[in-house]
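Presented below is the structure to which this report refers.
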Amino acid sequence: MLINVPETVVADALRGMASAHPELAVDVENRVIVRRDAPLAGKVGLVSGGGSGHEPLHGGFVGPGMLSAACPGEVFTSPVPDQMVRAAAAVDSGAGVLFVVKNYTGDVLNFDMAAELAEDEGIQVAKVLVDDDVAVTDSLYTAGRRGTGATLFVEKIAGAAAEEGQPLERVEALARQVNENSRSFGVALTAVTTPAKGSPTFDLPAGELELGIGIHGEPGRERRPMMTSGEIAEAAVDAILADITPRNPVLVLVNGMGATPLLELYGFNAEVQRVLGERGVPVARILVGNYVTSLDMAGASVTLCQVDEETLRLWDAPVRTPGLRWGM
Amino acid sequence: MLINVPETVVADALRGMASAHPELAVDVENRVIVRRDAPLAGKVGLVSGGGSGHEPLHGGFVGPGMLSAACPGEVFTSPVPDQMVRAAAAVDSGAGVLFVVKNYTGDVLNFDMAAELAEDEGIQVAKVLVDDDVAVTDSLYTAGRRGTGATLFVEKIAGAAAEEGQPLERVEALARQVNENSRSFGVALTAVTTPAKGSPTFDLPAGELELGIGIHGEPGRERRPMMTSGEIAEAAVDAILADITPRNPVLVLVNGMGATPLLELYGFNAEVQRVLGERGVPVARILVGNYVTSLDMAGASVTLCQVDEETLRLWDAPVRTPGLRWGM
Amino acid sequence: MLDADFFRRWMAVTSAAVDREAEWLTALDSPIGDADHGSNLQRGFGAVRAALDEEPPVTPGAVLTRSGRLLISTVGGASGPLYGTLLRRTGKALGDAPEVSREQLAEALRTGVDAVRQLGGAAPGDKTMIDALVPAVDALGDSFAAARAAAEEGAVATTPLLARKGRASYLGERSIGHQDPGATSAALLIAGLAEASGTSEAGEASGE
Amino acid sequence: MLDADFFRRWMAVTSAAVDREAEWLTALDSPIGDADHGSNLQRGFGAVRAALDEEPPVTPGAVLTRSGRLLISTVGGASGPLYGTLLRRTGKALGDAPEVSREQLAEALRTGVDAVRQLGGAAPGDKTMIDALVPAVDALGDSFAAARAAAEEGAVATTPLLARKGRASYLGERSIGHQDPGATSAALLIAGLAEASGTSEAGEASGE
Ligand SMILES: Nc1ncnc2c1ncn2[C@@H]1O[C@H](COP(=O)(O)OP(=O)(O)O)[C@@H](O)[C@H]1O
Ligand SMILES: Nc1ncnc2c1ncn2[C@@H]1O[C@H](COP(=O)(O)OP(=O)(O)O)[C@@H](O)[C@H]1O
Ligand SMILES: [Mg+2]
Ligand SMILES: [Mg+2]
Ligand SMILES: [Mg+2]
Ligand SMILES: [Mg+2]
């Protein structure tokens, strides 16, 4: 691994972000990344965060048109409430703050505690849970579905609404709507190696793959002999379509888990588009790249997000962050 | 690997690019990626290309402010002259075409043949060789230095000049100047696996690294026991500074080879910036990410490019490509 | 009776145990989790130990509330808020008494465990730390050693269970056959009581 | 004398040999190159074979110029222009004679090899295909079998050399100890002459 010591990986990365992105205020010690121009009068603050190792998510999505601040935790470990409270205080203009929380026990608990503490400090806080992964059985008796690729859609679309000055309830409702209209499915071709462990988290022989994986290096729901890109596209799209039947056009995220070459990812996108075409799903926009990653895991995920006129407009709105940028 | 069969990897990727980037004209059969608005009256055409497996280079750098067209070869294999002639014909407005060629025997020979053929068709062609890798001994009796990270700087800055309507000689001179002022050095933490071979191209145990690697999965100049990110930064920067002493500020590219997580890459950037600071090298801009990759290789390269007021202005100029985008 | 010193020792020996077993905890967290449980708790209990050394609280309750708050502020993940809440609520339940009995601790710890159950929504049998903590609290009335044995048994007994909470639940059937890392660390925490009482084998005699 | 049919056979057996040895060529290209030499030549000679089958040229020269142009258009990399030039220039040198002697082929091939030397700038001893081609052309005056033996010897003799051209040159000293993939494929090409002449063991007797 290209690191100094496992203990400083996150701090080192934040130092590196600080120098590469002078447009962001990176507080290395307290682990918050904030837009330099925050708080903006009348603007809702959008705060997210989660374990590190998913870059550019979330720190790379801070900037005009997207997040106001991000809180990076240790690798694959949700951040602590102190970070979130600090971020909320830094971005709140009085218009309130929306926490975008991926549905993991750790993230949920820490953001919940932070929301309580921030409210004690007089900040109005709303929360939206992202839980788009159809590989996980959803039930009242489990931790529910985990949040993966849809996070990008939620942060972008809610971020655009906040940038326009829409009020907290509206930004929250949009974020919830985007999540409800999003579904993801991922596959892994290799296991992940975390700095702390230093070796792959599980054993995955070269000729096999894991279907239905998350973004924390955990094994998936099922192991299978290697499949072609076309077969994987069918498995992923069909798993999603078994859960949701898009009537409106969809945004498509073909997301690399980290170590899959862009060349392969584009090829995978070709197959995903073929399958969507065969299944009659209309496509509005396509994004291909490494956006919600899992360190050095090889593999990919597909996220579909059904949009209407308004959410598509907000998706297309200008954004200026290290990880996603257009229109400015 | 996330592929169908090795034989269709490049064609599959081009189909995937075509759907994801409707703003580009992707000719899958003939393997050229062209700006939809080309040729633009009076504008110099900027054409590059090379083996596939380095994405986003070059196809991801086609668009306003950068390349007019790109020719992707097979994986790690330079494209054939037919592609380059077709690309030149597609983008030439009469103002001439500049070929940006990475200095590899295959690329040089094929672009040379293409230049002859294009000139036969009445297209004015100039060529610039990129040869920035200080790990390779430069001599009249060898193939010379290979072209790596500097390609991005050459394509961006020459592309901005072409976009402004500067004439061929000027665009060519700028490209040459950028190359002459650029130096790179790379390290590999893992070997690469090409679709055709299906297994790592060489054996690199987990506790060792290769210093002075290129972008085609070839081993480097030297194998060493694993070093820290800080030590690697020192080795890379010092190898560059042994060859060039920047008097002006530099652009810094901290480039991932493909499988190194962005988290580690940012951490590596922190160390590169520390070393540059200690060596007294003034820094104008920093770019961190996977731009000139080597499929699934883990590792990173550092490129420094000394700029003056004009080249810095052209670097900052708007660009709108799949791989690099700002200002529009 | 157990004084503040005992509780500081408890935290110290737990921290040492976590250091010693960090790799194992992370290894347990690999096949059914995200390979961070060991480093998470090392970070947290390391911070607890440092803070208690620097400025030792003078009541049992203060030691635990302070420790719990520190875990919440330094661990993150699921285990940070859960263990943090466990210690904080237990500490609160102890009030500001300068000394407490083992029975009082057992009662307070039950309050703490209930808070964890409420916060995380896990019931016994869901393959979480609850499966070590609940039997430990039940046995604590008897002795530290009994509590330790019960916790260890509870941790081992998570192996055949299907996970319904936490990351392991994502694996469905594939979570079966692996011991839960959080139940394992909970057993370390409970074992720390016996160790802190100075007689890890004959914990019954001491600590009251 | 050698007619167009012989030259088409030459290309066909070379294509078959490249198919057979593709993995080996790519394996040789791994430690000192970029692991594509086998697939490069397979693609090229596959295209050559298909084109010659579809529309067979009627003179030896035309077979080779056509094949060379096809290699240039389909292979890419260093070997595409180099092998393409080799065949194209050799074919041009053969003119439009309907039949040529082995001696005429040897002379034409020398022109082709010279063009490769000029194009790539490699001299004998630089650890490239030149190290198989030059001795082969020298021996071709004697017999196909002699040419084949010389080429194979030349290829094997690249192993201890330090590469000065092509990708292997980037490795400096580390290029020593590996056989050059291009010299190896050049030996396959030359061996194809003997095979095409129908008497790979007694090539001397045939082909003239
Ligand atoms: N809802 C819950 N209730 C109780 N304990 C839980 C719950 N979710 C997870 N745990 C415990 O937390 C442990 C994992 O902790 P850790 O690895 O530090 O956090 P994370 O899962 O966020 O990576 C699990 O082994 C389990 O015992
Ligand atoms: N300048 C040169 N002159 C002659 N032969 C060369 C030269 N450069 C490379 N070669 C030959 O080409 C072979 C490599 O071909 P190939 O792998 O197909 O192309 P690439 O190096 O572009 O990947 C080398 O083994 C060598 O024999
Ligand atoms: Mg975790
Ligand atoms: Mg090649
Ligand atoms: Mg964990
Ligand atoms: Mg090669």
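As shown in the structure tokens, the chain order sets the letters A, B, ...; within each chain, residues go from 1, and ligands are also counted from 1 in the order they appear.
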
Can I get the residues close to ligand 6 as a ChimeraX atom specification, where close means within 6 Å and we count only C-alpha atoms and all ligand atoms?
-> /D:29,33-37

Resulting file, chosen residues, C-alpha atoms, as a PDB file, in the first residue's frame:
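The file below, result_21.pdb, is the result:
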```
ATOM      1  CA  ASP D  29       6.991 -10.085 -23.916  1.00  0.00           C
ATOM      2  CA  GLY D  33       7.827  -5.806 -22.513  1.00  0.00           C
ATOM      3  CA  ASP D  34       4.109  -5.280 -22.325  1.00  0.00           C
ATOM      4  CA  ALA D  35       2.712  -8.767 -22.853  1.00  0.00           C
ATOM      5  CA  ASP D  36       1.104  -8.270 -26.230  1.00  0.00           C
ATOM      6  CA  HIS D  37       3.470  -9.596 -28.878  1.00  0.00           C
TER       7      HIS D  37
END
```

Spatial neighbours of Thr137 in chain B, max dist 9 Å, only C-alpha atoms, sep filter under 5 positions, as a PyMOL selection string | (chain B and resi 142+144-145) or (chain D and resi 169-170+172)

Please write out the residues within 9 Å of ligand 4 as an NGL selection string, counting only C-alpha atoms and all ligand atoms.
-> (:B and (51 or 74-78 or 106 or 216)) or (:D and (29 or 33-37 or 40 or 76-79 or 167))

Restrict the distance test to only C-alpha atoms, flag each residue of chain A within 7 Å of chain B, and return the flagged residues as a CSV table (one decimal) with N, CA and C atoms, in the first residue's frame.
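Once everything was written out, this is out.csv:
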```csv
chain,number,residue,atom,x,y,z
A,2,LEU,N,0.3,2.3,-0.7
A,2,LEU,CA,1.1,3.5,-0.8
A,2,LEU,C,0.7,4.4,0.4
A,3,ILE,N,1.2,4.0,1.6
A,3,ILE,CA,0.9,4.7,2.8
A,3,ILE,C,2.1,4.9,3.7
A,4,ASN,N,2.0,5.7,4.7
A,4,ASN,CA,3.1,5.8,5.7
A,4,ASN,C,2.8,4.7,6.7
A,9,VAL,N,-3.4,7.2,7.8
A,9,VAL,CA,-3.9,7.2,6.5
A,9,VAL,C,-4.9,8.3,6.2
A,12,ASP,N,-3.3,11.8,6.5
A,12,ASP,CA,-2.4,12.1,5.4
A,12,ASP,C,-3.3,12.5,4.2
A,13,ALA,N,-4.3,11.7,4.0
A,13,ALA,CA,-5.2,12.0,2.8
A,13,ALA,C,-5.8,13.4,2.9
A,15,ARG,N,-4.5,16.0,4.5
A,15,ARG,CA,-3.4,17.0,4.1
A,15,ARG,C,-3.3,17.1,2.6
A,16,GLY,N,-3.3,15.9,2.0
A,16,GLY,CA,-3.2,15.9,0.5
A,16,GLY,C,-4.3,16.6,-0.2
A,17,MET,N,-5.5,16.4,0.4
A,17,MET,CA,-6.7,17.1,-0.2
A,17,MET,C,-6.6,18.6,0.0
A,20,ALA,N,-4.3,20.1,-2.6
A,20,ALA,CA,-4.8,20.0,-4.0
A,20,ALA,C,-6.1,20.8,-4.2
A,53,GLY,N,-12.3,5.5,2.5
A,53,GLY,CA,-12.1,4.4,1.6
A,53,GLY,C,-13.1,4.3,0.5
A,55,GLU,N,-13.6,7.1,-1.5
A,55,GLU,CA,-13.4,8.4,-2.3
A,55,GLU,C,-13.6,8.2,-3.8
A,228,THR,N,-19.2,-13.3,-17.6
A,228,THR,CA,-18.8,-12.3,-18.5
A,228,THR,C,-19.5,-11.0,-18.1
A,229,SER,N,-18.9,-9.9,-18.6
A,229,SER,CA,-19.4,-8.6,-18.4
A,229,SER,C,-20.9,-8.5,-18.7
A,230,GLY,N,-21.3,-9.1,-19.8
A,230,GLY,CA,-22.7,-9.1,-20.2
A,230,GLY,C,-23.6,-9.9,-19.2
A,258,GLY,N,-13.0,0.6,-7.5
A,258,GLY,CA,-11.7,1.1,-7.2
A,258,GLY,C,-10.6,0.6,-8.1
A,259,ALA,N,-10.5,-0.7,-8.3
A,259,ALA,CA,-9.4,-1.3,-9.0
A,259,ALA,C,-9.8,-1.8,-10.4
A,260,THR,N,-11.0,-1.6,-10.8
A,260,THR,CA,-11.4,-2.0,-12.1
A,260,THR,C,-11.1,-0.9,-13.1
A,261,PRO,N,-10.3,-1.2,-14.1
A,261,PRO,CA,-9.9,-0.2,-15.1
A,261,PRO,C,-11.1,0.5,-15.7
A,262,LEU,N,-10.9,1.8,-16.0
A,262,LEU,CA,-12.0,2.5,-16.7
A,262,LEU,C,-12.3,1.9,-18.0
A,263,LEU,N,-11.3,1.3,-18.7
A,263,LEU,CA,-11.6,0.6,-19.9
A,263,LEU,C,-12.6,-0.5,-19.7
A,264,GLU,N,-12.5,-1.3,-18.7
A,264,GLU,CA,-13.5,-2.4,-18.4
A,264,GLU,C,-14.8,-1.8,-18.0
A,266,TYR,N,-16.2,1.0,-18.9
A,266,TYR,CA,-16.9,1.5,-20.1
A,266,TYR,C,-17.5,0.3,-20.8
A,267,GLY,N,-16.7,-0.8,-20.9
A,267,GLY,CA,-17.2,-2.0,-21.6
A,267,GLY,C,-18.4,-2.5,-20.8
A,268,PHE,N,-18.3,-2.5,-19.5
A,268,PHE,CA,-19.5,-2.9,-18.7
A,268,PHE,C,-20.7,-2.0,-18.9
A,269,ASN,N,-20.4,-0.7,-19.0
A,269,ASN,CA,-21.5,0.2,-19.3
A,269,ASN,C,-22.2,-0.2,-20.6
A,270,ALA,N,-21.5,-0.6,-21.6
A,270,ALA,CA,-22.1,-1.0,-22.9
A,270,ALA,C,-23.1,-2.1,-22.6
A,286,ILE,N,-26.1,9.1,-18.2
A,286,ILE,CA,-25.2,8.0,-17.8
A,286,ILE,C,-24.0,8.6,-17.2
A,287,LEU,N,-23.6,8.0,-16.1
A,287,LEU,CA,-22.3,8.4,-15.5
A,287,LEU,C,-21.5,7.2,-15.2
A,288,VAL,N,-20.2,7.2,-15.8
A,288,VAL,CA,-19.4,6.0,-15.7
A,288,VAL,C,-18.1,6.4,-15.0
A,295,LEU,N,-11.9,1.1,-1.6
A,295,LEU,CA,-10.5,1.0,-1.6
A,295,LEU,C,-10.0,0.4,-2.9
A,296,ASP,N,-9.3,-0.8,-2.8
A,296,ASP,CA,-8.7,-1.4,-4.0
A,296,ASP,C,-9.5,-2.6,-4.5
A,325,ARG,N,-18.0,17.5,-11.6
A,325,ARG,CA,-17.9,19.0,-11.9
A,325,ARG,C,-18.5,19.2,-13.3
A,326,TRP,N,-19.4,20.1,-13.4
A,326,TRP,CA,-19.8,20.5,-14.8
A,326,TRP,C,-20.5,21.9,-14.7
A,327,GLY,N,-20.6,22.6,-15.8
A,327,GLY,CA,-21.3,23.8,-15.8
A,327,GLY,C,-20.7,25.0,-15.1
A,328,MET,N,-19.5,24.7,-14.5
A,328,MET,CA,-18.8,25.9,-13.8
A,328,MET,C,-17.4,25.4,-13.5
```

Between A:Pro200, A:Gly217, A:Gly63, A:Gly212, which has the minimum distance to ligand 1 (counting only C-alpha atoms and all ligand atoms)?
->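 Once distances to ligand 1 are computed over only C-alpha atoms and all ligand atoms, the minimum belongs to A:Gly217.
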
Identify all chain A residues at most 10 Å from chain C by counting only C-alpha atoms; ligands do not count. Present them as a VMD selection string.
-> chain A and resid 6 to 7 50 to 51 73 to 83 104 to 110 112 to 113 135 to 146 192 to 197 200 to 203 212 to 222

Spatial neighbours of Gln104 in chain D, max dist 12 Å, only C-alpha atoms, sep filter under 6 positions, as a PyMOL selection string = chain D and resi 1-2+60-61+90-91+93-95+97+110-111+137+140-141+207-208

Assign secondary structure with DSSP using the backbone only, and return the residues of range 16-186 of chain A in strand (DSSP E) as a ChimeraX atom specification.
-> /A:24-27,32-35,45-52,69-75,97-102,125-130,182-186

Same residues, C-alpha atoms, saved as a PDB file, in the first residue's frame:
```pdb
ATOM      1  CA  LEU A  24     -12.047  23.730   0.284  1.00  0.00           C
ATOM      2  CA  ALA A  25     -11.382  24.354   3.963  1.00  0.00           C
ATOM      3  CA  VAL A  26      -9.938  21.079   5.179  1.00  0.00           C
ATOM      4  CA  ASP A  27      -9.630  20.802   8.947  1.00  0.00           C
ATOM      5  CA  VAL A  32     -14.155  18.091   8.470  1.00  0.00           C
ATOM      6  CA  ILE A  33     -14.073  19.327   4.880  1.00  0.00           C
ATOM      7  CA  VAL A  34     -16.098  22.472   4.371  1.00  0.00           C
ATOM      8  CA  ARG A  35     -16.854  24.803   1.482  1.00  0.00           C
ATOM      9  CA  GLY A  45     -26.412  23.233   4.698  1.00  0.00           C
ATOM     10  CA  LEU A  46     -25.916  19.750   3.287  1.00  0.00           C
ATOM     11  CA  VAL A  47     -23.661  17.556   5.422  1.00  0.00           C
ATOM     12  CA  SER A  48     -22.674  13.987   4.827  1.00  0.00           C
ATOM     13  CA  GLY A  49     -19.939  11.667   5.905  1.00  0.00           C
ATOM     14  CA  GLY A  50     -19.016   8.097   6.443  1.00  0.00           C
ATOM     15  CA  GLY A  51     -16.061   5.823   6.660  1.00  0.00           C
ATOM     16  CA  SER A  52     -13.061   6.667   4.499  1.00  0.00           C
ATOM     17  CA  ALA A  69     -19.385  19.746   4.311  1.00  0.00           C
ATOM     18  CA  ALA A  70     -18.222  16.166   4.736  1.00  0.00           C
ATOM     19  CA  CYS A  71     -16.990  14.197   7.731  1.00  0.00           C
ATOM     20  CA  PRO A  72     -14.547  11.412   6.911  1.00  0.00           C
ATOM     21  CA  GLY A  73     -14.270   8.624   9.448  1.00  0.00           C
ATOM     22  CA  GLU A  74     -11.499   6.108   9.789  1.00  0.00           C
ATOM     23  CA  VAL A  75     -11.299   3.610   6.940  1.00  0.00           C
ATOM     24  CA  VAL A  97     -28.870  21.489   7.929  1.00  0.00           C
ATOM     25  CA  LEU A  98     -29.671  18.209   6.180  1.00  0.00           C
ATOM     26  CA  PHE A  99     -27.671  15.150   7.157  1.00  0.00           C
ATOM     27  CA  VAL A 100     -27.322  12.631   4.328  1.00  0.00           C
ATOM     28  CA  VAL A 101     -26.704   9.307   6.047  1.00  0.00           C
ATOM     29  CA  LYS A 102     -25.928   6.002   4.423  1.00  0.00           C
ATOM     30  CA  VAL A 125     -31.378  19.350  11.606  1.00  0.00           C
ATOM     31  CA  ALA A 126     -33.142  17.016   9.216  1.00  0.00           C
ATOM     32  CA  LYS A 127     -31.882  13.578   8.231  1.00  0.00           C
ATOM     33  CA  VAL A 128     -32.255  11.431   5.152  1.00  0.00           C
ATOM     34  CA  LEU A 129     -31.238   7.794   5.110  1.00  0.00           C
ATOM     35  CA  VAL A 130     -29.877   6.345   1.891  1.00  0.00           C
ATOM     36  CA  SER A 182     -32.900   4.652  -6.551  1.00  0.00           C
ATOM     37  CA  ARG A 183     -31.692   1.048  -6.458  1.00  0.00           C
ATOM     38  CA  SER A 184     -28.191  -0.438  -6.649  1.00  0.00           C
ATOM     39  CA  PHE A 185     -26.488  -3.778  -7.076  1.00  0.00           C
ATOM     40  CA  GLY A 186     -22.767  -4.509  -6.922  1.00  0.00           C
TER      41      GLY A 186
END
```

Neighbour list for range 17-20 of chain D as JSON, numbers by chain, cut-off 7 Å, only C-alpha atoms, skip fewer than 5 positions in-chain = {"D": [41, 42, 188]}

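For the atom pair formed by CA of Gly159 in chain B and CA of Leu117 in chain B, the distance is 23.4 Å, given to one decimal.
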
Find the spatial neighbours of Val48 in chain C, counting only C-alpha atoms, within a cut-off of 12 Å - ignore same-chain residues fewer than 5 positions away - and output them as a ChimeraX atom specification.
-> /C:7-16,41-43,53-57,63-75,84,87

Got a sec: who's within 9 Å of Arg176 in chain A, counting only C-alpha atoms, leaving out chain neighbours fewer than 3 positions off, as a JSON list (two decimals) with N, CA, C and O atoms, in the first residue's frame?
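Resulting contents of selection_28.json:
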```
[["chain", "number", "residue", "atom", "x", "y", "z"],
["A", 128, "VAL", "N", -31.74, 12.34, 6.17],
["A", 128, "VAL", "CA", -32.26, 11.43, 5.15],
["A", 128, "VAL", "C", -31.35, 10.22, 5.10],
["A", 128, "VAL", "O", -30.14, 10.34, 5.04],
["A", 129, "LEU", "N", -31.98, 9.04, 5.20],
["A", 129, "LEU", "CA", -31.24, 7.79, 5.11],
["A", 129, "LEU", "C", -31.19, 7.33, 3.66],
["A", 129, "LEU", "O", -32.21, 7.33, 2.98],
["A", 130, "VAL", "N", -30.01, 6.92, 3.23],
["A", 130, "VAL", "CA", -29.88, 6.34, 1.89],
["A", 130, "VAL", "C", -29.79, 4.83, 2.04],
["A", 130, "VAL", "O", -28.93, 4.33, 2.76],
["A", 154, "VAL", "N", -28.39, 11.45, -4.43],
["A", 154, "VAL", "CA", -29.02, 12.23, -3.36],
["A", 154, "VAL", "C", -28.23, 13.51, -3.11],
["A", 154, "VAL", "O", -28.78, 14.61, -3.03],
["A", 171, "VAL", "N", -35.65, 20.50, 0.46],
["A", 171, "VAL", "CA", -34.39, 19.80, 0.18],
["A", 171, "VAL", "C", -34.46, 18.38, 0.76],
["A", 171, "VAL", "O", -34.07, 17.41, 0.11],
["A", 172, "GLU", "N", -35.00, 18.29, 1.95],
["A", 172, "GLU", "CA", -35.14, 16.97, 2.58],
["A", 172, "GLU", "C", -36.09, 16.08, 1.78],
["A", 172, "GLU", "O", -35.81, 14.91, 1.53],
["A", 173, "ALA", "N", -37.21, 16.64, 1.34],
["A", 173, "ALA", "CA", -38.18, 15.85, 0.59],
["A", 173, "ALA", "C", -37.57, 15.36, -0.72],
["A", 173, "ALA", "O", -37.78, 14.21, -1.13],
["A", 179, "ASN", "N", -33.78, 9.03, -3.04],
["A", 179, "ASN", "CA", -33.44, 7.73, -2.47],
["A", 179, "ASN", "C", -34.52, 6.68, -2.77],
["A", 179, "ASN", "O", -34.20, 5.56, -3.15],
["A", 180, "GLU", "N", -35.76, 7.09, -2.62],
["A", 180, "GLU", "CA", -36.84, 6.12, -2.86],
["A", 180, "GLU", "C", -36.89, 5.65, -4.30],
["A", 180, "GLU", "O", -37.35, 4.56, -4.59],
["A", 181, "ASN", "N", -36.39, 6.48, -5.18],
["A", 181, "ASN", "CA", -36.41, 6.13, -6.60],
["A", 181, "ASN", "C", -35.10, 5.51, -7.09],
["A", 181, "ASN", "O", -34.91, 5.36, -8.29]]
```

Would you list the contacts of Thr59 in chain D as a VMD selection string, taking every protein, DNA or RNA residue within 8 Å and counting only C-alpha atoms, but skipping same-chain residues closer than 5 positions in sequence?
-> chain D and resid 3 to 4 96 to 99
